[in-house]
Amino acid sequence: TIHQPSSRLYQKLDWLMLLAEGHLMYYGKADQVLDWFGQFGYKIPFGVSIADYVLDISLGEAGYSSSGKTGSAAVTELYSAFEQQYAGTANAHKYSSGFSYTQPKISNGAVGANSSAVLPV
């Protein structure tokens, strides 16, 4: 995983998983992320790196969506739209790429059934 990649490093990514407020906002080919957000009225300004712009969108700092929402309301609209698009799948975390994610079980601060790792409280 890479958190806040530089624009040079972003250009080398094949796939992008973007989370916002604990929700999956986008998962797909990195070179198609602008097409996805373009559907909601987000157009990258000239001279801004894709990596920076996508992070701005995920933080609700990229202006207004085509529905007029901004800030946290725009973020909710975007991740809800992504989740709704994939709601018909058996698992909302499985996509055509073959990517599959299973959330680990957490009980009494330990991750997994036989794990000794403890999450910070």
# chains A, B, ... in the order shown; residues from 1 in each chain; ligands from 1

call {"tool": "residues_around", "arguments": {"residues": "Leu16 of chain A", "least_positions_apart": "4", "cutoff": "9 Å", "atoms": "only C-alpha atoms", "output": "ChimeraX atom specification"}}
result
/A:26-31,33

call {"tool": "write_last_selection", "arguments": {"atoms": "C-alpha atoms", "output": "tab-separated table (two decimals), in the first residue's frame"}}
result
chain	number	residue	atom	x	y	z
A	26	TYR	CA	-13.02	3.92	-5.79
A	27	TYR	CA	-11.34	0.68	-6.75
A	28	GLY	CA	-10.21	0.18	-10.30
A	29	LYS	CA	-7.59	1.03	-12.85
A	30	ALA	CA	-5.58	4.04	-11.73
A	31	ASP	CA	-5.72	5.60	-15.19
A	33	VAL	CA	-10.10	7.31	-11.77

call {"tool": "closest_residue", "arguments": {"among": "A:Glu21, A:Ser80, A:Asp35, A:Phe40", "to": "Ala62 of chain A", "atoms": "only C-alpha atoms"}}
result
A:Phe40

call {"tool": "atom_distance", "arguments": {"atom1": "atom CA of Lys43 of chain A", "atom2": "atom CA of Tyr10 of chain A"}}
result
17.8 Å

call {"tool": "atom_distance", "arguments": {"atom1": "atom CA of Leu34 of chain A", "atom2": "atom CA of Gly60 of chain A"}}
result
15.4 Å

call {"tool": "residues_around", "arguments": {"residues": "segment 65-76 of chain A", "least_positions_apart": "5", "cutoff": "8 Å", "atoms": "only C-alpha atoms", "output": "list of chain:residue names"}}
result
A:Ala20, A:Phe40, A:Gly41, A:Tyr42, A:Ile57, A:Ser58, A:Leu59, A:Gly60

call {"tool": "write_last_selection", "arguments": {"atoms": "all heavy atoms", "output": "short mmCIF file (atom, residue, chain, number, x, y, z; two decimals), in the first residue's frame"}}
result
data_model
loop_
_atom_site.label_atom_id
_atom_site.label_comp_id
_atom_site.auth_asym_id
_atom_site.auth_seq_id
_atom_site.Cartn_x
_atom_site.Cartn_y
_atom_site.Cartn_z
N ALA A 20 -12.44 6.59 1.84
CA ALA A 20 -12.84 7.87 2.43
C ALA A 20 -13.80 7.59 3.57
O ALA A 20 -14.78 6.86 3.39
CB ALA A 20 -13.50 8.77 1.39
N PHE A 40 -19.33 12.77 -11.85
CA PHE A 40 -19.94 13.55 -10.77
C PHE A 40 -19.57 15.03 -10.85
O PHE A 40 -19.78 15.78 -9.91
CB PHE A 40 -19.52 12.97 -9.42
CG PHE A 40 -19.92 11.53 -9.26
CD1 PHE A 40 -19.05 10.52 -9.59
CD2 PHE A 40 -21.20 11.21 -8.85
CE1 PHE A 40 -19.42 9.19 -9.48
CE2 PHE A 40 -21.60 9.88 -8.74
CZ PHE A 40 -20.70 8.87 -9.06
N GLY A 41 -19.01 15.42 -12.00
CA GLY A 41 -18.70 16.82 -12.22
C GLY A 41 -17.32 17.26 -11.81
O GLY A 41 -17.00 18.45 -11.88
N TYR A 42 -16.48 16.34 -11.40
CA TYR A 42 -15.13 16.71 -10.98
C TYR A 42 -14.18 16.66 -12.17
O TYR A 42 -13.99 15.60 -12.77
CB TYR A 42 -14.63 15.78 -9.87
CG TYR A 42 -15.38 15.99 -8.58
CD1 TYR A 42 -16.42 15.13 -8.21
CD2 TYR A 42 -15.08 17.05 -7.75
CE1 TYR A 42 -17.12 15.33 -7.04
CE2 TYR A 42 -15.77 17.26 -6.57
CZ TYR A 42 -16.79 16.39 -6.22
OH TYR A 42 -17.48 16.60 -5.07
N ILE A 57 -10.47 15.17 -3.49
CA ILE A 57 -11.83 14.67 -3.64
C ILE A 57 -12.22 13.83 -2.43
O ILE A 57 -13.30 13.99 -1.87
CB ILE A 57 -12.00 13.86 -4.94
CG1 ILE A 57 -11.89 14.78 -6.16
CG2 ILE A 57 -13.33 13.11 -4.95
CD1 ILE A 57 -11.84 14.04 -7.49
N SER A 58 -11.34 12.93 -2.01
CA SER A 58 -11.66 12.03 -0.90
C SER A 58 -11.80 12.77 0.42
O SER A 58 -12.43 12.26 1.35
CB SER A 58 -10.60 10.93 -0.78
OG SER A 58 -9.39 11.45 -0.27
N LEU A 59 -11.24 13.97 0.51
CA LEU A 59 -11.35 14.78 1.72
C LEU A 59 -12.48 15.80 1.63
O LEU A 59 -12.70 16.57 2.57
CB LEU A 59 -10.02 15.50 1.99
CG LEU A 59 -8.83 14.60 2.29
CD1 LEU A 59 -7.55 15.41 2.30
CD2 LEU A 59 -9.05 13.89 3.62
N GLY A 60 -13.16 15.85 0.49
CA GLY A 60 -14.24 16.81 0.30
C GLY A 60 -13.74 18.21 0.05
O GLY A 60 -14.44 19.19 0.30
#

call {"tool": "closest_residue", "arguments": {"among": "A:Leu24, A:Leu19, A:Leu55, A:Phe46", "to": "Gln84 of chain A", "atoms": "only C-alpha atoms"}}
result
A:Leu24

call {"tool": "atom_distance", "arguments": {"atom1": "atom CA of Phe82 of chain A", "atom2": "atom CA of Gly47 of chain A"}}
result
26.8 Å

call {"tool": "closest_residue", "arguments": {"among": "A:Trp36, A:Ala81, A:Met25, A:Ala51", "to": "Leu13 of chain A", "atoms": "only C-alpha atoms"}}
result
A:Ala51

call {"tool": "closest_residue", "arguments": {"among": "A:Glu83, A:Trp15, A:Leu78, A:Pro5", "to": "Gln39 of chain A", "atoms": "only C-alpha atoms"}}
result
A:Leu78
